[in-house]
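Note: the block below is model30.cif and it holds mmCIF, C-alpha atoms.
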data_start
loop_
_atom_site.label_atom_id
_atom_site.label_comp_id
_atom_site.auth_asym_id
_atom_site.auth_seq_id
_atom_site.Cartn_x
_atom_site.Cartn_y
_atom_site.Cartn_z
CA MET X 1 44.69 -29.98 -67.55
CA LYS X 2 41.47 -31.59 -66.35
CA ILE X 3 40.28 -31.02 -62.80
CA LEU X 4 38.07 -33.10 -60.54
CA VAL X 5 35.15 -31.45 -58.75
CA GLU X 6 32.14 -32.76 -56.90
CA LYS X 7 30.16 -30.25 -54.90
CA LYS X 8 26.84 -31.01 -53.29
CA GLU X 9 25.99 -27.27 -53.36
CA PHE X 10 25.68 -27.50 -57.14
CA LEU X 11 22.31 -29.17 -56.63
CA GLU X 12 20.92 -26.02 -55.00
CA TYR X 13 21.88 -23.61 -57.78
CA PRO X 14 19.12 -22.20 -60.04
CA GLU X 15 18.56 -24.18 -63.22
CA ASP X 16 19.98 -21.57 -65.60
CA VAL X 17 23.16 -21.38 -63.52
CA LYS X 18 23.42 -25.18 -63.57
CA LEU X 19 23.12 -25.18 -67.36
CA LEU X 20 26.01 -22.75 -67.70
CA LEU X 21 27.96 -24.67 -65.09
CA SER X 22 27.46 -27.92 -67.01
CA ILE X 23 29.10 -26.42 -70.10
CA ALA X 24 32.07 -25.22 -68.06
CA LEU X 25 32.39 -28.56 -66.27
CA TYR X 26 32.47 -30.45 -69.55
CA GLU X 27 35.37 -28.26 -70.71
CA VAL X 28 37.52 -28.51 -67.59
CA THR X 29 36.80 -31.92 -66.07
CA PRO X 30 37.20 -35.50 -67.33
CA TYR X 31 33.47 -36.11 -66.70
CA SER X 32 31.01 -37.12 -69.40
CA TRP X 33 27.78 -35.18 -69.97
CA ASP X 34 25.84 -37.89 -68.14
CA LYS X 35 28.11 -37.71 -65.10
CA ILE X 36 27.77 -33.91 -65.05
CA ALA X 37 23.99 -34.25 -65.34
CA GLU X 38 23.93 -36.53 -62.30
CA MET X 39 26.19 -34.14 -60.35
CA LEU X 40 23.83 -31.25 -61.07
CA GLY X 41 20.65 -33.21 -60.35
CA PHE X 42 19.46 -33.43 -63.96
CA ASN X 43 18.16 -36.43 -65.80
CA PRO X 44 20.87 -36.85 -68.50
CA LEU X 45 18.32 -36.77 -71.31
CA ILE X 46 16.78 -33.56 -70.02
CA LEU X 47 20.14 -31.79 -69.59
CA LYS X 48 21.11 -32.65 -73.16
CA GLU X 49 17.72 -31.54 -74.49
CA ARG X 50 18.13 -28.15 -72.77
CA LEU X 51 21.67 -27.70 -74.09
CA LYS X 52 20.63 -28.68 -77.61
CA ALA X 53 17.88 -26.04 -77.45
CA PHE X 54 20.63 -23.45 -76.94
CA GLY X 55 22.64 -24.87 -79.83
CA ILE X 56 25.41 -26.17 -77.58
CA PRO X 57 27.46 -28.85 -79.36
CA LEU X 58 27.43 -32.00 -77.24
CA HIS X 59 29.71 -34.24 -79.27
CA LYS X 60 32.52 -32.64 -81.26
CA TYR X 61 34.08 -35.32 -83.42
CA GLY X 62 37.51 -34.52 -84.84
CA GLU X 63 38.91 -36.03 -88.00
CA GLN X 64 40.37 -39.07 -86.23
CA GLU X 65 37.12 -39.87 -84.41
CA MET X 66 35.17 -39.51 -87.65
CA LEU X 67 37.49 -41.75 -89.59
CA GLY X 68 37.33 -44.33 -86.77
CA GLU X 69 33.54 -44.27 -86.81
CA ILE X 70 33.33 -44.63 -90.56
CA GLN X 71 35.88 -47.45 -90.58
CA THR X 72 34.00 -49.36 -87.86
CA ALA X 73 30.70 -48.81 -89.70
CA ARG X 74 32.28 -50.12 -92.89
CA ASN X 75 33.37 -53.33 -91.14
CA LEU X 76 30.10 -53.89 -89.28
CA MET Z 1 19.50 -55.82 -109.59
CA VAL Z 2 20.78 -56.88 -106.17
CA SER Z 3 19.76 -54.48 -103.40
CA ARG Z 4 22.61 -53.06 -101.36
CA ARG Z 5 20.72 -54.25 -98.26
CA CYS Z 6 21.13 -57.83 -99.40
CA LEU Z 7 24.82 -57.40 -98.86
CA VAL Z 8 24.37 -56.83 -95.09
CA LYS Z 9 26.04 -59.69 -93.21
CA SER Z 10 24.45 -61.41 -90.20
CA LYS Z 11 23.36 -58.74 -87.82
CA PRO Z 12 25.47 -58.12 -84.71
CA ARG Z 13 24.17 -57.75 -81.17
CA ALA Z 14 24.81 -54.37 -79.61
CA ILE Z 15 24.70 -52.71 -76.24
CA SER Z 16 23.77 -49.04 -76.04
CA ASN Z 17 23.70 -46.06 -73.77
CA THR Z 18 20.65 -43.76 -73.50
CA SER Z 19 22.06 -41.10 -75.84
CA PHE Z 20 21.98 -43.24 -78.98
CA ILE Z 21 18.46 -44.51 -78.36
CA SER Z 22 17.18 -41.03 -77.56
CA VAL Z 23 18.82 -39.44 -80.61
CA MET Z 24 17.58 -42.19 -82.94
CA HIS Z 25 14.07 -41.71 -81.55
CA ASP Z 26 14.27 -37.93 -81.97
CA ILE Z 27 15.34 -38.13 -85.61
CA GLY Z 28 12.84 -40.89 -86.41
CA TYR Z 29 15.23 -43.78 -87.09
CA LEU Z 30 14.94 -45.93 -83.95
CA ASN Z 31 12.69 -48.48 -85.66
CA LEU Z 32 15.30 -48.90 -88.40
CA CYS Z 33 17.90 -50.13 -85.90
CA SER Z 34 16.48 -53.65 -86.20
CA GLU Z 35 17.79 -53.64 -89.77
CA VAL Z 36 21.32 -53.14 -88.44
CA PHE Z 37 21.35 -55.07 -85.17
CA GLU Z 38 19.83 -58.39 -84.15
CA LYS Z 39 19.07 -56.95 -80.72
CA ILE Z 40 20.19 -54.11 -78.49
CA TYR Z 41 20.89 -54.60 -74.81
CA VAL Z 42 20.43 -51.71 -72.40
CA SER Z 43 21.24 -51.59 -68.71
CA GLN Z 44 18.74 -51.01 -65.94
CA SER Z 45 20.04 -47.44 -65.45
CA VAL Z 46 19.56 -46.68 -69.14
CA TYR Z 47 15.97 -47.92 -68.93
CA ASP Z 48 15.40 -45.89 -65.74
CA GLU Z 49 16.86 -42.73 -67.32
CA VAL Z 50 14.41 -43.00 -70.19
CA LYS Z 51 11.51 -43.71 -67.86
CA GLN Z 52 12.35 -40.81 -65.53
CA SER Z 53 12.92 -38.35 -68.39
CA GLY Z 54 9.17 -38.04 -68.84
CA VAL Z 55 9.49 -38.21 -72.65
CA ARG Z 56 6.37 -40.28 -73.26
CA SER Z 57 6.84 -40.93 -76.97
CA LEU Z 58 10.34 -42.30 -76.32
CA MET Z 59 9.15 -44.46 -73.43
CA ALA Z 60 6.28 -45.81 -75.54
CA GLN Z 61 8.65 -46.75 -78.35
CA ILE Z 62 11.11 -48.37 -75.94
CA GLU Z 63 8.32 -50.44 -74.38
CA GLU Z 64 7.20 -51.52 -77.85
CA LEU Z 65 10.74 -52.56 -78.79
CA ILE Z 66 11.11 -54.40 -75.47
CA GLY Z 67 7.83 -56.17 -76.25
CA ASN Z 68 9.26 -57.16 -79.64
CA LYS Z 69 12.36 -58.50 -77.87
CA PHE Z 70 14.56 -56.16 -79.88
CA ILE Z 71 15.60 -54.15 -76.81
CA ILE Z 72 16.53 -56.22 -73.79
CA THR Z 73 17.30 -54.82 -70.33
CA LYS Z 74 20.16 -56.39 -68.37
CA LYS Z 75 21.50 -55.95 -64.86
CA CYS Z 76 25.23 -55.66 -64.19
CA GLY Z 77 27.02 -58.22 -62.05
CA ASN Z 78 30.23 -56.31 -61.36
CA VAL Z 79 28.97 -53.51 -59.12
CA ALA Z 80 32.53 -52.59 -58.06
CA LEU Z 81 33.51 -51.84 -61.65
CA VAL Z 82 30.33 -49.82 -62.20
CA ASN Z 83 31.10 -47.73 -59.12
CA SER Z 84 34.67 -47.20 -60.23
CA LEU Z 85 33.61 -46.06 -63.72
CA ARG Z 86 31.03 -43.76 -62.17
CA SER Z 87 33.90 -41.59 -60.92
CA PHE Z 88 33.96 -40.14 -64.44
CA LEU Z 89 30.85 -41.41 -66.24
CA GLY Z 90 27.10 -41.47 -65.74
CA SER Z 91 25.41 -44.57 -64.32
CA GLY Z 92 24.17 -45.70 -67.73
CA GLU Z 93 27.57 -45.37 -69.39
CA ALA Z 94 29.30 -47.15 -66.50
CA GLU Z 95 26.82 -50.04 -66.68
CA ILE Z 96 27.06 -50.31 -70.46
CA ILE Z 97 30.84 -50.65 -70.36
CA THR Z 98 30.60 -53.19 -67.53
CA LEU Z 99 27.96 -55.19 -69.40
CA ALA Z 100 30.15 -55.10 -72.51
CA LEU Z 101 32.69 -57.06 -70.50
CA GLU Z 102 30.08 -59.44 -69.06
CA LEU Z 103 27.92 -60.26 -72.10
CA LYS Z 104 29.81 -62.61 -74.36
CA ASP Z 105 27.36 -62.34 -77.27
CA VAL Z 106 27.66 -58.56 -77.60
CA GLU Z 107 29.80 -57.49 -80.55
CA VAL Z 108 29.17 -53.74 -80.72
CA VAL Z 109 29.20 -51.12 -77.96
CA ILE Z 110 27.36 -47.90 -78.78
CA LEU Z 111 28.56 -44.75 -76.99
CA ASP Z 112 28.49 -41.15 -78.22
CA ASP Z 113 30.16 -39.15 -75.46
CA LEU Z 114 33.82 -38.68 -76.36
CA LYS Z 115 34.96 -39.01 -72.75
CA ALA Z 116 33.08 -42.27 -72.31
CA ARG Z 117 34.48 -43.50 -75.63
CA ASN Z 118 38.05 -42.60 -74.62
CA LEU Z 119 37.68 -44.39 -71.29
CA TYR Z 120 36.21 -47.43 -73.04
CA ALA Z 121 39.14 -47.47 -75.47
CA ARG Z 122 41.66 -47.29 -72.61
CA LEU Z 123 40.06 -50.33 -70.95
CA GLY Z 124 40.98 -52.41 -73.99
CA VAL Z 125 37.61 -54.15 -74.29
CA ASN Z 126 37.74 -56.37 -77.34
CA LYS Z 127 34.42 -55.23 -78.82
CA ARG Z 128 33.79 -52.76 -81.60
CA LEU Z 129 32.95 -49.23 -80.50
CA LEU Z 130 30.41 -47.32 -82.54
CA GLY Z 131 28.35 -44.16 -82.13
CA THR Z 132 25.26 -42.64 -83.67
CA ILE Z 133 27.33 -41.22 -86.53
CA GLY Z 134 28.72 -44.65 -87.43
CA VAL Z 135 25.32 -46.34 -87.26
CA LEU Z 136 23.79 -43.69 -89.51
CA LYS Z 137 26.69 -43.97 -91.93
CA PHE Z 138 26.09 -47.73 -92.06
CA MET Z 139 22.36 -47.22 -92.62
CA PHE Z 140 23.00 -44.74 -95.38
CA THR Z 141 25.62 -46.87 -97.11
CA HIS Z 142 23.35 -49.94 -97.07
CA GLY Z 143 20.25 -48.16 -98.34
CA ILE Z 144 18.38 -48.45 -95.05
CA LEU Z 145 17.90 -44.67 -94.90
CA LYS Z 146 15.84 -43.24 -97.73
CA GLU Z 147 16.56 -39.60 -96.97
CA SER Z 148 19.33 -37.56 -98.57
CA ILE Z 149 22.74 -37.47 -96.94
CA ASP Z 150 22.32 -33.72 -96.35
CA THR Z 151 19.11 -34.39 -94.43
CA VAL Z 152 20.87 -36.97 -92.26
CA ILE Z 153 23.73 -34.54 -91.61
CA THR Z 154 21.28 -31.78 -90.68
CA LYS Z 155 19.50 -34.09 -88.25
CA LEU Z 156 22.80 -35.05 -86.64
CA GLY Z 157 23.64 -31.36 -86.24
CA ARG Z 158 20.33 -30.69 -84.52
CA ALA Z 159 21.02 -33.65 -82.22
CA GLY Z 160 24.16 -31.90 -80.95
CA PHE Z 161 26.84 -33.52 -83.12
CA ARG Z 162 29.61 -31.43 -84.70
CA PHE Z 163 31.86 -33.04 -87.30
CA LYS Z 164 33.38 -32.51 -90.73
CA LYS Z 165 30.48 -33.04 -93.10
CA ASP Z 166 32.78 -33.85 -96.01
CA LEU Z 167 34.13 -36.88 -94.12
CA PHE Z 168 30.62 -38.20 -93.55
CA LYS Z 169 29.77 -37.70 -97.22
CA ASP Z 170 32.93 -38.87 -98.92
CA CYS Z 171 34.46 -41.65 -96.83
#
Do you think you could lay out the structure here as structure tokens?
Amino acid sequence: MKILVEKKEFLEYPEDVKLLLSIALYEVTPYSWDKIAEMLGFNPLILKERLKAFGIPLHKYGEQEMLGEIQTARNL
Amino acid sequence: MVSRRCLVKSKPRAISNTSFISVMHDIGYLNLCSEVFEKIYVSQSVYDEVKQSGVRSLMAQIEELIGNKFIITKKCGNVALVNSLRSFLGSGEAEIITLALELKDVEVVILDDLKARNLYARLGVNKRLLGTIGVLKFMFTHGILKESIDTVITKLGRAGFRFKKDLFKDC
């Protein structure tokens, strides 16, 4: 089940806490990484750069998503 | 011998979120996008996100591509739809999806985030949805990328993508 959250206090948390929070929010909410970045006061590019530095997977494509991508690319 | 690149049909026009442009810049393939697309539209928020990120090399390349009229910034008309989509998506993603509905000449919408892609699919927009993986697969298949497929896969992994490598290689 996905939950909706939007707390202004998030903006005041230390940066390392916000990074951990972003990972949790992506798991439990319907929000995209960019939406979460905005909620936490990050530039979306910067948030994703920080997460990548920790080896956090940003986009986990399952078999269906991969096959869809490849099919669309084939018909481009 | 006929080059595989000769088989590329007329190039489509695309609209893209920040993620794709940033990833393609990071892995050194952004300049090659003009071999796939005629032009790429970005929204004002996408442009602002890049500008405010402070990544100078990316901003310099974007400005160069804007100067070459390959990247074109557009403003959204339907602010109500943007605001509605922003309940779940970032400003750039919301504007890209809205512009996809507004720009008649756009054929391909480029989004990487799975939640943004799912929302786009539910809206039933009649334009092809593609991500960085699909664009790179196209580039590789058509001989636009000169690097090995393993190198491309490694770069995608470093850019935060997780996927079955065999599918990328074999399909």
Taking all atoms listed in the file into account, produce a table as a Markdown table in which each residue of chain Z with an atom at most 6 Å from an atom of chain X appears once, together with its shortest atom pair and the distance in Å to one decimal, ordered by chain and rising number.
| residue | atom | partner | partner_atom | distance |
| --- | --- | --- | --- | --- |
| Z:Phe88 | CA | X:Tyr31 | CA | 4.6 |
| Z:Leu89 | CA | X:Lys35 | CA | 4.7 |
| Z:Gly90 | CA | X:Lys35 | CA | 3.9 |
| Z:Lys115 | CA | X:Ser32 | CA | 5.5 |
| Z:Gly134 | CA | X:Glu69 | CA | 4.9 |
| Z:Phe138 | CA | X:Ala73 | CA | 5.3 |
| Z:Gly160 | CA | X:Pro57 | CA | 4.8 |
| Z:Phe161 | CA | X:His59 | CA | 4.9 |
| Z:Arg162 | CA | X:Lys60 | CA | 4.7 |
| Z:Phe163 | CA | X:Tyr61 | CA | 5.0 |
Atomic distance atom CA of X:Glu27 - atom CA of Z:Ala116, expressed in Å with one decimal
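So the two atoms, atom CA of X:Glu27 and atom CA of Z:Ala116, lie 14.3 Å apart.
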> Between atom CA of Z:Phe70 and atom CA of Z:Asn31, what is the distance, to one decimal in Å?
Replying inline: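 So the answer is 9.8 Å.
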Task: Picked residues, the PyMOL selection byres ((chain X and resi 13-18) around 10), as JSON, numbers by chain - done: {"X": [8, 9, 10, 11, 12, 19, 20, 21, 22, 23, 24, 25, 36, 37, 39, 40, 41, 42, 47, 50]}
Going by the chain IDs and residue numbers used in this file, which residues fall under the PyMOL selection byres ((chain Z and resi 12-29) around 9)? Write them as a short mmCIF file (atom, residue, chain, number, x, y, z; two decimals) with C-alpha atoms, keeping the file's coordinate frame.
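In the end it all went to out.cif:
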data_model
loop_
_atom_site.label_atom_id
_atom_site.label_comp_id
_atom_site.auth_asym_id
_atom_site.auth_seq_id
_atom_site.Cartn_x
_atom_site.Cartn_y
_atom_site.Cartn_z
CA PRO X 44 20.87 -36.85 -68.50
CA LEU X 45 18.32 -36.77 -71.31
CA LYS X 48 21.11 -32.65 -73.16
CA LEU X 76 30.10 -53.89 -89.28
CA LYS Z 9 26.04 -59.69 -93.21
CA SER Z 10 24.45 -61.41 -90.20
CA LYS Z 11 23.36 -58.74 -87.82
CA LEU Z 30 14.94 -45.93 -83.95
CA ASN Z 31 12.69 -48.48 -85.66
CA LEU Z 32 15.30 -48.90 -88.40
CA CYS Z 33 17.90 -50.13 -85.90
CA VAL Z 36 21.32 -53.14 -88.44
CA PHE Z 37 21.35 -55.07 -85.17
CA GLU Z 38 19.83 -58.39 -84.15
CA LYS Z 39 19.07 -56.95 -80.72
CA ILE Z 40 20.19 -54.11 -78.49
CA TYR Z 41 20.89 -54.60 -74.81
CA VAL Z 42 20.43 -51.71 -72.40
CA SER Z 43 21.24 -51.59 -68.71
CA SER Z 45 20.04 -47.44 -65.45
CA VAL Z 46 19.56 -46.68 -69.14
CA TYR Z 47 15.97 -47.92 -68.93
CA GLU Z 49 16.86 -42.73 -67.32
CA VAL Z 50 14.41 -43.00 -70.19
CA SER Z 57 6.84 -40.93 -76.97
CA LEU Z 58 10.34 -42.30 -76.32
CA GLN Z 61 8.65 -46.75 -78.35
CA ILE Z 62 11.11 -48.37 -75.94
CA GLY Z 92 24.17 -45.70 -67.73
CA GLU Z 93 27.57 -45.37 -69.39
CA GLU Z 95 26.82 -50.04 -66.68
CA ILE Z 96 27.06 -50.31 -70.46
CA ILE Z 97 30.84 -50.65 -70.36
CA LEU Z 99 27.96 -55.19 -69.40
CA ALA Z 100 30.15 -55.10 -72.51
CA ASP Z 105 27.36 -62.34 -77.27
CA VAL Z 106 27.66 -58.56 -77.60
CA GLU Z 107 29.80 -57.49 -80.55
CA VAL Z 108 29.17 -53.74 -80.72
CA VAL Z 109 29.20 -51.12 -77.96
CA ILE Z 110 27.36 -47.90 -78.78
CA LEU Z 111 28.56 -44.75 -76.99
CA ASP Z 112 28.49 -41.15 -78.22
CA ASP Z 113 30.16 -39.15 -75.46
CA GLY Z 131 28.35 -44.16 -82.13
CA THR Z 132 25.26 -42.64 -83.67
CA LEU Z 136 23.79 -43.69 -89.51
CA LEU Z 145 17.90 -44.67 -94.90
CA VAL Z 152 20.87 -36.97 -92.26
CA LYS Z 155 19.50 -34.09 -88.25
CA LEU Z 156 22.80 -35.05 -86.64
CA ALA Z 159 21.02 -33.65 -82.22
#
- Measure the distance from atom CA of Z:Ala60 to atom CA of Z:Ser148 in Å and round it to one decimal.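 For atom CA of Z:Ala60 relative to atom CA of Z:Ser148, the distance reads 27.7 Å.
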Repair of stretch 12-45 of chain X at the level of N, CA and C atoms, as a short mmCIF file (atom, residue, chain, number, x, y, z; two decimals), in the coordinates of the input:
data_model
loop_
_atom_site.label_atom_id
_atom_site.label_comp_id
_atom_site.auth_asym_id
_atom_site.auth_seq_id
_atom_site.Cartn_x
_atom_site.Cartn_y
_atom_site.Cartn_z
N GLU X 12 21.83 -27.09 -55.46
CA GLU X 12 20.92 -26.02 -55.00
C GLU X 12 20.94 -24.80 -55.91
N TYR X 13 21.81 -24.77 -56.89
CA TYR X 13 21.88 -23.61 -57.78
C TYR X 13 20.63 -23.55 -58.66
N PRO X 14 20.25 -22.32 -59.10
CA PRO X 14 19.12 -22.20 -60.04
C PRO X 14 19.44 -22.94 -61.34
N GLU X 15 18.36 -23.33 -62.04
CA GLU X 15 18.56 -24.18 -63.22
C GLU X 15 19.41 -23.52 -64.30
N ASP X 16 19.20 -22.21 -64.54
CA ASP X 16 19.98 -21.57 -65.60
C ASP X 16 21.46 -21.52 -65.25
N VAL X 17 21.75 -21.37 -63.95
CA VAL X 17 23.16 -21.38 -63.52
C VAL X 17 23.74 -22.78 -63.73
N LYS X 18 22.93 -23.80 -63.41
CA LYS X 18 23.42 -25.18 -63.57
C LYS X 18 23.69 -25.51 -65.05
N LEU X 19 22.87 -24.94 -65.93
CA LEU X 19 23.12 -25.18 -67.36
C LEU X 19 24.46 -24.61 -67.80
N LEU X 20 24.72 -23.37 -67.37
CA LEU X 20 26.01 -22.75 -67.70
C LEU X 20 27.15 -23.53 -67.06
N LEU X 21 26.93 -23.93 -65.81
CA LEU X 21 27.96 -24.67 -65.09
C LEU X 21 28.27 -26.00 -65.79
N SER X 22 27.24 -26.63 -66.34
CA SER X 22 27.46 -27.92 -67.01
C SER X 22 28.40 -27.76 -68.19
N ILE X 23 28.24 -26.66 -68.93
CA ILE X 23 29.10 -26.42 -70.10
C ILE X 23 30.55 -26.23 -69.65
N ALA X 24 30.72 -25.45 -68.59
CA ALA X 24 32.07 -25.22 -68.06
C ALA X 24 32.68 -26.52 -67.53
N LEU X 25 31.87 -27.31 -66.84
CA LEU X 25 32.39 -28.56 -66.27
C LEU X 25 32.82 -29.53 -67.37
N TYR X 26 32.08 -29.54 -68.48
CA TYR X 26 32.47 -30.45 -69.55
C TYR X 26 33.83 -30.05 -70.13
N GLU X 27 34.10 -28.73 -70.14
CA GLU X 27 35.37 -28.26 -70.71
C GLU X 27 36.56 -28.56 -69.80
N VAL X 28 36.35 -28.48 -68.48
CA VAL X 28 37.52 -28.51 -67.59
C VAL X 28 37.66 -29.80 -66.77
N THR X 29 36.70 -30.68 -66.85
CA THR X 29 36.80 -31.92 -66.07
C THR X 29 36.86 -33.13 -67.02
N PRO X 30 37.23 -34.29 -66.49
CA PRO X 30 37.20 -35.50 -67.33
C PRO X 30 35.82 -36.15 -67.36
N TYR X 31 34.80 -35.49 -66.82
CA TYR X 31 33.47 -36.11 -66.70
C TYR X 31 32.69 -36.06 -68.00
N SER X 32 31.90 -37.09 -68.24
CA SER X 32 31.01 -37.12 -69.40
C SER X 32 29.79 -36.25 -69.11
N TRP X 33 29.02 -35.96 -70.18
CA TRP X 33 27.78 -35.18 -69.97
C TRP X 33 26.85 -35.86 -68.97
N ASP X 34 26.76 -37.18 -69.04
CA ASP X 34 25.84 -37.89 -68.14
C ASP X 34 26.28 -37.78 -66.69
N LYS X 35 27.59 -37.86 -66.45
CA LYS X 35 28.11 -37.71 -65.10
C LYS X 35 27.81 -36.30 -64.57
N ILE X 36 28.03 -35.30 -65.44
CA ILE X 36 27.77 -33.91 -65.05
C ILE X 36 26.28 -33.72 -64.76
N ALA X 37 25.43 -34.33 -65.58
CA ALA X 37 23.99 -34.25 -65.34
C ALA X 37 23.65 -34.79 -63.95
N GLU X 38 24.21 -35.93 -63.62
CA GLU X 38 23.93 -36.53 -62.30
C GLU X 38 24.44 -35.63 -61.17
N MET X 39 25.63 -35.03 -61.37
CA MET X 39 26.19 -34.14 -60.35
C MET X 39 25.30 -32.93 -60.10
N LEU X 40 24.64 -32.46 -61.17
CA LEU X 40 23.83 -31.25 -61.07
C LEU X 40 22.35 -31.55 -60.81
N GLY X 41 22.02 -32.82 -60.67
CA GLY X 41 20.65 -33.21 -60.35
C GLY X 41 19.71 -33.24 -61.54
N PHE X 42 20.28 -33.33 -62.76
CA PHE X 42 19.46 -33.43 -63.96
C PHE X 42 19.32 -34.89 -64.38
N ASN X 43 18.21 -35.21 -65.01
CA ASN X 43 18.16 -36.43 -65.80
C ASN X 43 19.05 -36.18 -67.02
N PRO X 44 19.96 -37.11 -67.37
CA PRO X 44 20.87 -36.85 -68.50
C PRO X 44 20.17 -36.47 -69.80
N LEU X 45 19.04 -37.10 -70.07
CA LEU X 45 18.32 -36.77 -71.31
C LEU X 45 17.81 -35.33 -71.29
#
